[in-house]
Protein chains: 2
Amino acid sequence: MSLRAGLDHAAVIQAAAELADTKGWDSLTLAALAEHLNIRAPSLYNHVAGLEGLRRDLAVLGYRELGACLARATIGKARDEAVFALANAYRAFARQHPGLYVAASRAPDPTNQEAQTAAGEVVEIVVAVLAAYGLRGDAAIHTTRALRSALHGFVMLEANAGFGIPLDLDESFRQMVQLFLLGLQQQTHT
Amino acid sequence: MSLRAGLDHAAVIQAAAELADTKGWDSLTLAALAEHLNIRAPSLYNHVAGLEGLRRDLAVLGYRELGACLARATIGKARDEAVFALANAYRAFARQHPGLYVAASRAPDPTNQEAQTAAGEVVEIVVAVLAAYGLRGDAAIHTTRALRSALHGFVMLEANAGFGIPLDLDESFRQMVQLFLLGLQQQTHT
DNA sequence: TTGACAAAACTACTATCATTAGCTTATAAT
DNA sequence: ATTATAAGCTAATGATAGTAGTTTTGTCAA
């Protein structure tokens, strides 16, 4: 075993993701991360561009993992079945990776091509699922935004205990997706 | 003019709201607030219970102002007209008061009756608007959660520049509310 | 095998911020 | 006028991010 920690960029980001998921996004500090990795805080600057850089890099990991999760869930499915699978996978990801999800809910760095691509792929999956309803062009974008808003809003409110009343959240989520699908059906009918 | 600043709790919270709205939620620090008020940071502890207490108190102001805003917008309206008015007022509030909105999107302090009441009144307005569609009991709660999720998700994504593509956001928002109403109509038909 | 180089880690330091403790003084009620 | 309270203050501590400069280690080529 070497005396040096032997970290690289990926290992640091991975450790940061674990820390954010277990201790919370707000508790992800360079000091805590350094302690977790058994190095001194300034050594982290060899791998990430400060706290902001760490958060940006974590966002990219978040886009990728969320995208992979959604792709896995929707493969081989279509229309309502695909939408339900997408929605459930989205919510499951946010619950299993609360810190990484928050990281991924930040806007991708406009100057970073990798970030743009990874974030774009998440959107593409939603667009692809909705394409089965005949949505194209602007209509596809508007509807994608609606679905994303509902999913994002729900998981954020859930994570923040924003729903006060103790009524089954699983059922609320199912009904929300169902409501979206009913509306979609009506909209594409006309 | 007195030598003493003569602040009280309300004035401090009000100043904090302005600071959060103009400089951003993350820039709301006790140091910045104290400077803005021309006092020293420790003096703030005469009015609020630290940074966390300030945020909790700001949340209460947020619930109240948001509730008043929504009530004003929906008074004298019913059904689809009321839902559109509510949604537009909700989004307008989040845009005009980005800091206060973030404060209000935190869960109300369970030990603070005032916070619970203020937050509850916001939910009550949404429930009341949806009551016109014959929703009662659990169904009303599920549907309220769906609408809140969509609204919250949209305004948060909008505030974080989360919608990458440069396509008219006003139109996206209108279509999202329309989609919700179409679904609602279908759901309550059966 | 050895030696040089780049990377990874370190120490030491500064600045900002939240927070506590304890002191001072303005103000308002008596 | 006196006094009690509350609003402000200074001073100090501890956590954190970040910078500068140094040491050390692993690797790779001579």
# chains A, B, ... in the order shown; residues from 1 in each chain; ligands from 1
>>> residues_around(residues="stretch 9-26 of chain C", least_positions_apart="3", cutoff="12 Å", atoms="only C-alpha atoms (C1' of nucleotides)", output="PyMOL selection string")
(chain A and resi 3-7+34+38-47) or (chain B and resi 2-6+27-32+41-45+49-52) or (chain D and resi 5-25)
>>> residues_around(residues="stretch 74-89 of chain B", least_positions_apart="6", cutoff="9 Å", atoms="only C-alpha atoms (C1' of nucleotides)", output="list of chain:residue names")
B:Leu66, B:Ile125, B:Val126, B:Val129, B:Leu130, B:Ala131, B:Ala132, B:Tyr133, B:Leu147, B:Leu151, B:Phe173, B:Arg174, B:Val177, B:Gln178, B:Leu181
>>> residues_around(residues="stretch 100-102 of chain B", least_positions_apart="5", cutoff="6 Å", atoms="only C-alpha atoms (C1' of nucleotides)", output="list in words")
Ala17, Gly62 and Ala94 of chain B
>>> interface_residues(of="chain B", to="chain A", cutoff="7 Å", atoms="only C-alpha atoms", output="PyMOL selection string")
chain B and resi 106-107+142+145-146+149-150+152-154+160-162+172+175-176+179-180+182-184+186
>>> write_last_selection(atoms="C-alpha atoms", output="PDB file, in the first residue's frame")
ATOM      1  CA  ARG B 106     -38.516  25.225   2.258  1.00  0.00           C
ATOM      2  CA  ALA B 107     -40.695  23.117   4.509  1.00  0.00           C
ATOM      3  CA  HIS B 142     -53.400  14.476  -4.920  1.00  0.00           C
ATOM      4  CA  ARG B 145     -49.790  18.172  -5.232  1.00  0.00           C
ATOM      5  CA  ALA B 146     -49.671  17.662  -8.974  1.00  0.00           C
ATOM      6  CA  SER B 149     -45.232  20.204  -8.408  1.00  0.00           C
ATOM      7  CA  ALA B 150     -45.639  21.477 -11.937  1.00  0.00           C
ATOM      8  CA  HIS B 152     -42.696  24.714  -8.474  1.00  0.00           C
ATOM      9  CA  GLY B 153     -40.693  22.667 -10.924  1.00  0.00           C
ATOM     10  CA  PHE B 154     -41.227  25.144 -13.725  1.00  0.00           C
ATOM     11  CA  ASN B 160     -31.770  28.180 -12.696  1.00  0.00           C
ATOM     12  CA  ALA B 161     -31.683  28.579 -16.455  1.00  0.00           C
ATOM     13  CA  GLY B 162     -32.504  24.891 -16.527  1.00  0.00           C
ATOM     14  CA  SER B 172     -44.299  26.638 -22.470  1.00  0.00           C
ATOM     15  CA  GLN B 175     -49.218  24.976 -22.460  1.00  0.00           C
ATOM     16  CA  MET B 176     -48.240  23.246 -19.230  1.00  0.00           C
ATOM     17  CA  LEU B 179     -52.216  20.342 -20.298  1.00  0.00           C
ATOM     18  CA  PHE B 180     -53.005  20.119 -16.601  1.00  0.00           C
ATOM     19  CA  LEU B 182     -57.125  19.032 -20.045  1.00  0.00           C
ATOM     20  CA  GLY B 183     -56.102  16.154 -17.838  1.00  0.00           C
ATOM     21  CA  LEU B 184     -58.215  17.448 -14.988  1.00  0.00           C
ATOM     22  CA  GLN B 186     -60.790  14.130 -18.380  1.00  0.00           C
TER      23      GLN B 186
END
>>> atom_distance(atom1="atom CA of A:Ala68", atom2="atom CA of A:Ala118")
10.1 Å
>>> select_by_dssp(residues="stretch 34-167 of chain A", states="helix (DSSP H, G or I)", output="ChimeraX atom specification")
/A:34-37,41-46,50-74,79-96,98-104,113-131,137-159
>>> atom_distance(atom1="atom CA of B:Leu54", atom2="atom CA of A:Trp25")
20.1 Å
>>> atom_distance(atom1="atom CA of A:Glu114", atom2="atom CA of A:His36")
27.2 Å
